[in-house]
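Dumped run14.pdb below, it's PDB, C-alpha atoms:
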```
MODEL        1
ATOM      1  CA  MET S   1     145.520 133.098  62.153  1.00  0.00           C
ATOM      2  CA  GLU S   2     145.576 136.347  60.217  1.00  0.00           C
ATOM      3  CA  LEU S   3     141.840 136.898  60.081  1.00  0.00           C
ATOM      4  CA  SER S   4     139.238 139.584  60.488  1.00  0.00           C
ATOM      5  CA  VAL S   5     136.786 138.258  63.111  1.00  0.00           C
ATOM      6  CA  LEU S   6     133.449 139.602  64.366  1.00  0.00           C
ATOM      7  CA  ILE S   7     132.557 138.531  67.924  1.00  0.00           C
ATOM      8  CA  VAL S   8     128.884 138.883  68.871  1.00  0.00           C
ATOM      9  CA  GLU S   9     128.616 138.161  72.600  1.00  0.00           C
ATOM     10  CA  ASP S  10     126.685 140.040  75.297  1.00  0.00           C
ATOM     11  CA  ASP S  11     128.803 138.748  78.196  1.00  0.00           C
ATOM     12  CA  GLU S  12     131.467 141.437  78.521  1.00  0.00           C
ATOM     13  CA  ILE S  13     133.995 139.144  80.233  1.00  0.00           C
ATOM     14  CA  ILE S  14     133.717 136.459  77.537  1.00  0.00           C
ATOM     15  CA  ARG S  15     133.733 139.055  74.747  1.00  0.00           C
ATOM     16  CA  GLU S  16     136.834 140.846  76.017  1.00  0.00           C
ATOM     17  CA  GLY S  17     138.608 137.546  76.691  1.00  0.00           C
ATOM     18  CA  LEU S  18     137.941 136.342  73.143  1.00  0.00           C
ATOM     19  CA  GLU S  19     139.001 139.689  71.724  1.00  0.00           C
ATOM     20  CA  LEU S  20     142.308 139.590  73.583  1.00  0.00           C
ATOM     21  CA  ALA S  21     143.022 135.957  72.643  1.00  0.00           C
ATOM     22  CA  LEU S  22     142.265 136.545  68.957  1.00  0.00           C
ATOM     23  CA  LYS S  23     144.387 139.692  68.808  1.00  0.00           C
ATOM     24  CA  GLN S  24     147.274 137.728  70.299  1.00  0.00           C
ATOM     25  CA  GLU S  25     146.844 135.307  67.376  1.00  0.00           C
ATOM     26  CA  GLY S  26     147.234 138.183  64.931  1.00  0.00           C
ATOM     27  CA  CYS S  27     143.542 138.687  64.171  1.00  0.00           C
ATOM     28  CA  ARG S  28     141.772 141.954  63.526  1.00  0.00           C
ATOM     29  CA  VAL S  29     138.730 141.911  65.787  1.00  0.00           C
ATOM     30  CA  TYR S  30     135.330 143.604  65.674  1.00  0.00           C
ATOM     31  CA  ALA S  31     133.089 143.162  68.718  1.00  0.00           C
ATOM     32  CA  ALA S  32     129.374 143.636  69.357  1.00  0.00           C
ATOM     33  CA  GLY S  33     127.346 143.111  72.512  1.00  0.00           C
ATOM     34  CA  THR S  34     123.896 143.270  70.926  1.00  0.00           C
ATOM     35  CA  ALA S  35     122.144 142.034  67.799  1.00  0.00           C
ATOM     36  CA  GLY S  36     121.646 145.634  66.703  1.00  0.00           C
ATOM     37  CA  GLU S  37     125.351 146.438  66.866  1.00  0.00           C
ATOM     38  CA  ALA S  38     126.176 143.218  64.994  1.00  0.00           C
ATOM     39  CA  LEU S  39     123.603 143.869  62.263  1.00  0.00           C
ATOM     40  CA  GLU S  40     124.976 147.371  61.757  1.00  0.00           C
ATOM     41  CA  ILE S  41     128.466 145.933  61.179  1.00  0.00           C
ATOM     42  CA  VAL S  42     127.097 143.264  58.813  1.00  0.00           C
ATOM     43  CA  ARG S  43     124.979 145.702  56.819  1.00  0.00           C
ATOM     44  CA  ARG S  44     127.941 148.060  56.405  1.00  0.00           C
ATOM     45  CA  LYS S  45     129.563 145.078  54.654  1.00  0.00           C
ATOM     46  CA  THR S  46     132.576 145.354  56.925  1.00  0.00           C
ATOM     47  CA  PRO S  47     135.185 142.870  55.607  1.00  0.00           C
ATOM     48  CA  VAL S  48     134.998 139.893  57.982  1.00  0.00           C
ATOM     49  CA  ASP S  49     136.625 136.472  57.479  1.00  0.00           C
ATOM     50  CA  PHE S  50     134.976 134.672  60.398  1.00  0.00           C
ATOM     51  CA  TYR S  51     131.924 135.181  62.647  1.00  0.00           C
ATOM     52  CA  LEU S  52     131.550 134.065  66.281  1.00  0.00           C
ATOM     53  CA  LEU S  53     127.898 134.411  67.298  1.00  0.00           C
ATOM     54  CA  ASP S  54     126.295 133.991  70.705  1.00  0.00           C
ATOM     55  CA  ILE S  55     122.684 132.806  70.566  1.00  0.00           C
ATOM     56  CA  LEU S  56     121.069 134.805  73.383  1.00  0.00           C
ATOM     57  CA  LEU S  57     121.422 138.567  73.015  1.00  0.00           C
ATOM     58  CA  PRO S  58     119.651 141.352  74.944  1.00  0.00           C
ATOM     59  CA  ASP S  59     117.781 142.679  71.892  1.00  0.00           C
ATOM     60  CA  GLY S  60     117.310 139.527  69.830  1.00  0.00           C
ATOM     61  CA  ASP S  61     119.369 136.464  69.058  1.00  0.00           C
ATOM     62  CA  GLY S  62     122.270 135.220  66.989  1.00  0.00           C
ATOM     63  CA  PHE S  63     119.912 133.508  64.536  1.00  0.00           C
ATOM     64  CA  MET S  64     118.725 136.824  63.094  1.00  0.00           C
ATOM     65  CA  VAL S  65     122.353 137.923  62.701  1.00  0.00           C
ATOM     66  CA  CYS S  66     123.185 134.606  61.027  1.00  0.00           C
ATOM     67  CA  ARG S  67     120.318 134.997  58.547  1.00  0.00           C
ATOM     68  CA  GLU S  68     121.489 138.491  57.615  1.00  0.00           C
ATOM     69  CA  ILE S  69     125.051 137.235  57.078  1.00  0.00           C
ATOM     70  CA  ARG S  70     123.853 134.377  54.892  1.00  0.00           C
ATOM     71  CA  LYS S  71     121.969 136.828  52.662  1.00  0.00           C
ATOM     72  CA  GLN S  72     125.347 138.320  51.741  1.00  0.00           C
ATOM     73  CA  THR S  73     128.043 135.671  52.048  1.00  0.00           C
ATOM     74  CA  ASP S  74     129.039 132.098  52.898  1.00  0.00           C
ATOM     75  CA  THR S  75     131.781 133.332  55.275  1.00  0.00           C
ATOM     76  CA  PRO S  76     132.282 130.822  58.144  1.00  0.00           C
ATOM     77  CA  ILE S  77     129.993 131.148  61.162  1.00  0.00           C
ATOM     78  CA  LEU S  78     130.566 129.408  64.509  1.00  0.00           C
ATOM     79  CA  PHE S  79     127.887 129.649  67.200  1.00  0.00           C
ATOM     80  CA  LEU S  80     128.621 129.914  70.915  1.00  0.00           C
ATOM     81  CA  THR S  81     125.905 127.832  72.587  1.00  0.00           C
ATOM     82  CA  ALA S  82     124.830 126.970  76.121  1.00  0.00           C
ATOM     83  CA  CYS S  83     125.997 123.560  77.285  1.00  0.00           C
ATOM     84  CA  ASP S  84     123.665 120.695  76.236  1.00  0.00           C
ATOM     85  CA  ASP S  85     121.335 123.085  74.391  1.00  0.00           C
ATOM     86  CA  GLU S  86     120.487 120.583  71.625  1.00  0.00           C
ATOM     87  CA  VAL S  87     117.422 122.394  70.263  1.00  0.00           C
ATOM     88  CA  ASN S  88     119.281 125.654  69.667  1.00  0.00           C
ATOM     89  CA  THR S  89     122.322 123.776  68.360  1.00  0.00           C
ATOM     90  CA  VAL S  90     120.265 122.111  65.638  1.00  0.00           C
ATOM     91  CA  ARG S  91     118.526 125.407  64.879  1.00  0.00           C
ATOM     92  CA  ALA S  92     121.906 127.130  64.516  1.00  0.00           C
ATOM     93  CA  LEU S  93     123.006 124.572  61.930  1.00  0.00           C
ATOM     94  CA  GLU S  94     119.710 124.870  60.070  1.00  0.00           C
ATOM     95  CA  GLN S  95     120.177 128.657  59.917  1.00  0.00           C
ATOM     96  CA  GLY S  96     123.448 128.139  58.041  1.00  0.00           C
ATOM     97  CA  ALA S  97     126.122 127.927  60.735  1.00  0.00           C
ATOM     98  CA  ASP S  98     129.240 125.883  59.971  1.00  0.00           C
ATOM     99  CA  ASP S  99     129.748 124.613  63.514  1.00  0.00           C
ATOM    100  CA  TYR S 100     129.101 125.349  67.185  1.00  0.00           C
ATOM    101  CA  ILE S 101     130.936 125.180  70.490  1.00  0.00           C
ATOM    102  CA  SER S 102     129.321 124.757  73.915  1.00  0.00           C
ATOM    103  CA  LYS S 103     130.087 127.061  76.822  1.00  0.00           C
ATOM    104  CA  PRO S 104     132.253 126.889  78.814  1.00  0.00           C
ATOM    105  CA  PHE S 105     135.000 126.180  76.297  1.00  0.00           C
ATOM    106  CA  ARG S 106     138.768 126.417  76.170  1.00  0.00           C
ATOM    107  CA  ILE S 107     140.434 128.880  73.832  1.00  0.00           C
ATOM    108  CA  ARG S 108     142.538 126.107  72.269  1.00  0.00           C
ATOM    109  CA  GLU S 109     139.390 124.151  71.444  1.00  0.00           C
ATOM    110  CA  LEU S 110     137.805 127.244  69.887  1.00  0.00           C
ATOM    111  CA  PHE S 111     140.897 127.868  67.740  1.00  0.00           C
ATOM    112  CA  ALA S 112     140.946 124.192  66.684  1.00  0.00           C
ATOM    113  CA  ARG S 113     137.353 124.420  65.506  1.00  0.00           C
ATOM    114  CA  MET S 114     137.946 127.688  63.681  1.00  0.00           C
ATOM    115  CA  LYS S 115     140.977 126.238  61.904  1.00  0.00           C
ATOM    116  CA  ALA S 116     139.041 123.083  60.986  1.00  0.00           C
ATOM    117  CA  ILE S 117     136.292 125.180  59.397  1.00  0.00           C
ATOM    118  CA  LEU S 118     138.837 127.285  57.513  1.00  0.00           C
ATOM    119  CA  ARG S 119     140.525 124.134  56.160  1.00  0.00           C
ATOM    120  CA  ARG S 120     137.188 122.969  54.804  1.00  0.00           C
ATOM    121  CA  THR S 121     136.741 126.223  52.898  1.00  0.00           C
ATOM    122  CA  ARG S 122     139.846 125.658  50.792  1.00  0.00           C
ATOM    123  CA  ARG S 123     138.701 124.783  47.331  1.00  0.00           C
ATOM    124  CA  GLU S 124     140.031 121.882  45.337  1.00  0.00           C
ATOM    125  CA  GLU S 125     142.768 122.704  42.820  1.00  0.00           C
ATOM    126  CA  GLY S 126     142.116 121.568  39.280  1.00  0.00           C
ATOM    127  CA  ASN S 127     141.128 122.466  35.776  1.00  0.00           C
ATOM    128  CA  PRO S 128     139.210 125.765  35.767  1.00  0.00           C
ATOM    129  CA  GLU S 129     136.809 124.292  33.236  1.00  0.00           C
ATOM    130  CA  GLN S 130     136.174 121.096  35.191  1.00  0.00           C
ATOM    131  CA  VAL S 131     132.461 120.985  35.952  1.00  0.00           C
ATOM    132  CA  ALA S 132     130.474 118.294  37.742  1.00  0.00           C
ATOM    133  CA  ARG S 133     126.738 118.097  37.101  1.00  0.00           C
ATOM    134  CA  VAL S 134     124.281 117.050  39.797  1.00  0.00           C
ATOM    135  CA  GLY S 135     120.764 116.953  38.412  1.00  0.00           C
ATOM    136  CA  ARG S 136     120.145 120.522  37.193  1.00  0.00           C
ATOM    137  CA  THR S 137     123.113 121.832  39.227  1.00  0.00           C
ATOM    138  CA  GLN S 138     126.630 122.587  37.933  1.00  0.00           C
ATOM    139  CA  VAL S 139     129.585 122.475  40.335  1.00  0.00           C
ATOM    140  CA  TYR S 140     132.737 124.336  39.243  1.00  0.00           C
ATOM    141  CA  LEU S 141     135.391 122.402  41.119  1.00  0.00           C
ATOM    142  CA  GLN S 142     138.243 124.907  41.026  1.00  0.00           C
ATOM    143  CA  THR S 143     136.352 127.909  42.319  1.00  0.00           C
ATOM    144  CA  GLY S 144     133.757 126.017  44.325  1.00  0.00           C
ATOM    145  CA  ARG S 145     130.944 127.994  42.670  1.00  0.00           C
ATOM    146  CA  ILE S 146     127.653 126.182  42.224  1.00  0.00           C
ATOM    147  CA  TYR S 147     124.812 127.136  39.901  1.00  0.00           C
ATOM    148  CA  CYS S 148     121.306 125.937  39.149  1.00  0.00           C
ATOM    149  CA  GLY S 149     120.624 127.567  35.808  1.00  0.00           C
ATOM    150  CA  ASP S 150     121.688 131.198  36.206  1.00  0.00           C
ATOM    151  CA  GLU S 151     121.144 131.211  39.967  1.00  0.00           C
ATOM    152  CA  GLU S 152     124.168 130.723  42.220  1.00  0.00           C
ATOM    153  CA  ILE S 153     123.732 128.350  45.147  1.00  0.00           C
ATOM    154  CA  VAL S 154     125.617 129.323  48.302  1.00  0.00           C
ATOM    155  CA  LEU S 155     126.857 126.404  50.409  1.00  0.00           C
ATOM    156  CA  THR S 156     128.560 126.505  53.768  1.00  0.00           C
ATOM    157  CA  ALA S 157     131.985 124.893  54.096  1.00  0.00           C
ATOM    158  CA  MET S 158     130.515 121.683  55.535  1.00  0.00           C
ATOM    159  CA  GLU S 159     127.808 121.456  52.883  1.00  0.00           C
ATOM    160  CA  TYR S 160     130.433 121.834  50.163  1.00  0.00           C
ATOM    161  CA  LYS S 161     132.622 119.187  51.797  1.00  0.00           C
ATOM    162  CA  LEU S 162     129.655 116.798  51.858  1.00  0.00           C
ATOM    163  CA  LEU S 163     128.900 117.523  48.224  1.00  0.00           C
ATOM    164  CA  LEU S 164     132.491 116.689  47.228  1.00  0.00           C
ATOM    165  CA  ILE S 165     132.269 113.408  49.154  1.00  0.00           C
ATOM    166  CA  PHE S 166     129.111 112.394  47.308  1.00  0.00           C
ATOM    167  CA  LEU S 167     130.544 113.506  43.956  1.00  0.00           C
ATOM    168  CA  SER S 168     133.651 111.359  44.453  1.00  0.00           C
ATOM    169  CA  HIS S 169     131.481 108.301  45.221  1.00  0.00           C
ATOM    170  CA  ARG S 170     128.656 108.709  42.704  1.00  0.00           C
ATOM    171  CA  GLY S 171     126.567 105.598  42.304  1.00  0.00           C
ATOM    172  CA  GLN S 172     127.979 104.113  45.514  1.00  0.00           C
ATOM    173  CA  THR S 173     126.036 103.644  48.736  1.00  0.00           C
ATOM    174  CA  LEU S 174     127.850 105.293  51.631  1.00  0.00           C
ATOM    175  CA  THR S 175     127.138 104.468  55.254  1.00  0.00           C
ATOM    176  CA  ARG S 176     126.824 107.302  57.730  1.00  0.00           C
ATOM    177  CA  ARG S 177     130.052 106.099  59.332  1.00  0.00           C
ATOM    178  CA  GLN S 178     131.903 106.324  55.994  1.00  0.00           C
ATOM    179  CA  ILE S 179     130.658 109.869  55.486  1.00  0.00           C
ATOM    180  CA  LEU S 180     131.659 110.902  59.010  1.00  0.00           C
ATOM    181  CA  ASN S 181     135.105 109.375  58.531  1.00  0.00           C
ATOM    182  CA  ASP S 182     135.594 111.399  55.344  1.00  0.00           C
ATOM    183  CA  ILE S 183     134.430 114.614  57.016  1.00  0.00           C
ATOM    184  CA  TRP S 184     136.595 114.210  60.098  1.00  0.00           C
ATOM    185  CA  ASP S 185     140.078 115.682  60.207  1.00  0.00           C
ATOM    186  CA  GLU S 186     142.269 116.194  63.244  1.00  0.00           C
ATOM    187  CA  ALA S 187     139.354 118.117  64.766  1.00  0.00           C
ATOM    188  CA  GLY S 188     136.999 115.358  63.664  1.00  0.00           C
ATOM    189  CA  ASP S 189     135.447 114.635  67.025  1.00  0.00           C
ATOM    190  CA  PHE S 190     133.552 117.907  66.604  1.00  0.00           C
ATOM    191  CA  VAL S 191     131.275 116.346  63.944  1.00  0.00           C
ATOM    192  CA  ASN S 192     128.676 113.893  65.201  1.00  0.00           C
ATOM    193  CA  ASP S 193     125.899 111.733  63.808  1.00  0.00           C
ATOM    194  CA  ASN S 194     123.079 114.094  64.777  1.00  0.00           C
ATOM    195  CA  THR S 195     124.581 117.140  63.072  1.00  0.00           C
ATOM    196  CA  LEU S 196     125.329 115.048  59.959  1.00  0.00           C
ATOM    197  CA  SER S 197     121.568 114.631  59.488  1.00  0.00           C
ATOM    198  CA  VAL S 198     121.150 118.410  59.587  1.00  0.00           C
ATOM    199  CA  TYR S 199     123.953 118.976  57.058  1.00  0.00           C
ATOM    200  CA  ILE S 200     122.512 116.426  54.619  1.00  0.00           C
ATOM    201  CA  LYS S 201     119.029 117.909  54.973  1.00  0.00           C
ATOM    202  CA  ARG S 202     120.370 121.396  54.200  1.00  0.00           C
ATOM    203  CA  LEU S 203     122.416 120.176  51.240  1.00  0.00           C
ATOM    204  CA  ARG S 204     119.427 118.349  49.756  1.00  0.00           C
ATOM    205  CA  LYS S 205     117.266 121.440  50.066  1.00  0.00           C
ATOM    206  CA  LYS S 206     119.830 123.656  48.338  1.00  0.00           C
ATOM    207  CA  LEU S 207     120.294 121.128  45.526  1.00  0.00           C
ATOM    208  CA  GLY S 208     116.538 121.166  44.963  1.00  0.00           C
ATOM    209  CA  ASP S 209     115.982 117.572  46.080  1.00  0.00           C
ATOM    210  CA  THR S 210     112.361 116.449  46.110  1.00  0.00           C
ATOM    211  CA  SER S 211     110.683 113.197  47.041  1.00  0.00           C
ATOM    212  CA  GLU S 212     109.965 112.621  43.350  1.00  0.00           C
ATOM    213  CA  GLY S 213     113.529 113.051  42.137  1.00  0.00           C
ATOM    214  CA  GLN S 214     116.179 113.019  44.823  1.00  0.00           C
ATOM    215  CA  VAL S 215     119.808 113.601  43.901  1.00  0.00           C
ATOM    216  CA  ILE S 216     120.933 112.189  47.262  1.00  0.00           C
ATOM    217  CA  LYS S 217     118.853 109.100  47.971  1.00  0.00           C
ATOM    218  CA  THR S 218     118.377 107.478  51.363  1.00  0.00           C
ATOM    219  CA  VAL S 219     119.174 103.762  51.362  1.00  0.00           C
ATOM    220  CA  ARG S 220     117.145 102.545  54.314  1.00  0.00           C
ATOM    221  CA  GLY S 221     119.149 100.908  57.031  1.00  0.00           C
ATOM    222  CA  VAL S 222     122.435 101.610  55.222  1.00  0.00           C
ATOM    223  CA  GLY S 223     123.109 105.258  54.360  1.00  0.00           C
ATOM    224  CA  TYR S 224     122.984 107.466  51.271  1.00  0.00           C
ATOM    225  CA  ARG S 225     123.735 107.322  47.553  1.00  0.00           C
ATOM    226  CA  MET S 226     124.201 110.073  44.967  1.00  0.00           C
ATOM    227  CA  GLU S 227     122.857 108.960  41.608  1.00  0.00           C
ATOM    228  CA  LYS S 228     125.134 109.087  38.561  1.00  0.00           C
TER     229      LYS S 228
ENDMDL
END
```
As structure tokens, what does this structure read like?
Amino acid sequence: MELSVLIVEDDEIIREGLELALKQEGCRVYAAGTAGEALEIVRRKTPVDFYLLDILLPDGDGFMVCREIRKQTDTPILFLTACDDEVNTVRALEQGADDYISKPFRIRELFARMKAILRRTRREEGNPEQVARVGRTQVYLQTGRIYCGDEEIVLTAMEYKLLLIFLSHRGQTLTRRQILNDIWDEAGDFVNDNTLSVYIKRLRKKLGDTSEGQVIKTVRGVGYRMEK
């Protein structure tokens, strides 16, 4: 992986271990042990291709760093969470993270998740003028850019993947299992039913879904349907 990666982790042993492993993979690595150090790197607009964020930091938390990143870019973010910390896991996804991994973890598993996220960010090839319309939203399929009027909507890799799934099955009711099967790749066991609910909620919000006029409708007891 030839990437520029920012590691935000207050545990020096974990941070240095990740830094060494990533450098051995050919990555350029930036490291921060506090939220303040991380925010300084982010605000300098240091070119970063991937973010690894710990949640608990001595002067704040990874959520505030995530929010600052999302103000600037949709660059992939993976959270490092405490084992079985479901509340913070859901919160991380709601803040805009692409995925999470529970401590302790194996380096190979971390790399597999990073690569899975990066695969999702690859945009579909096609006609540069091919545009799909979803309610008041326009999706430019070659570049992956999404606009509501003149305002650009920034989606994470998983949100964009979900949007493409719904676009390719417009008018059809999809079960949650069908959606999960389409999302999964060789690292598919990292996506589960609970996090799917969070992803769909975030996508609906960004598409401007309301109870009066939902683009992605819930079909009770079955799944979801995107209207034509």
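The list of residues with at least one atom within 10 Å of S:Glu68, based on only C-alpha atoms and without residues fewer than 5 positions apart in the same chain, reads S:Ala38, S:Leu39, S:Val42, S:Arg43, S:Gly62, S:Phe63, S:Thr73.
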Original post:
Neighbours of S:Lys71 within 10 Å (all atoms listed in the file; same-chain residues fewer than 4 positions away dropped), as number ranges by chain?
Top reply: S: 66-67, 154
Original post:
Which neighbours of stretch 10-25 of chain S fall inside 12 Å, counting all atoms listed in the file, when residues of the same chain fewer than 5 positions from it are skipped, and could you give them as a PyMOL selection string?
Top reply: chain S and resi 1-5+30-38+50+52-62+80+103-108+110-111+114
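For the set S:Tyr140, S:Leu78, S:Leu174, S:Gly135, the residue with the smallest atom-to-atom gap to S:Gln214 is S:Gly135, counting all atoms listed in the file.
Distances from S:Glu151, S:Leu167, S:Thr156, S:Val139 to S:Ile69 were compared using only C-alpha atoms, and the smallest one belongs to S:Thr156.
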Original post:
Skipping near chain neighbours, those fewer than 5 positions away, what residues fall within 7 Å of S:Ile216 using all atoms listed in the file, listed as a PyMOL selection string?
Top reply: chain S and resi 204+224-227
Would you put the residues from that selection into a file with C-alpha atoms, as a PDB file, keeping the file's coordinate frame?
```
ATOM      1  CA  ARG S 204     119.427 118.349  49.756  1.00  0.00           C
ATOM      2  CA  TYR S 224     122.984 107.466  51.271  1.00  0.00           C
ATOM      3  CA  ARG S 225     123.735 107.322  47.553  1.00  0.00           C
ATOM      4  CA  MET S 226     124.201 110.073  44.967  1.00  0.00           C
ATOM      5  CA  GLU S 227     122.857 108.960  41.608  1.00  0.00           C
TER       6      GLU S 227
END
```
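Checking S:Ala82, S:Ala112, S:Val215, S:Leu155 one by one against S:Ala97, counting all atoms listed in the file, you find the shortest gap at S:Leu155.
The space separating atom CA of S:Ser102 from atom CA of S:Val29 comes to 21.2 Å.
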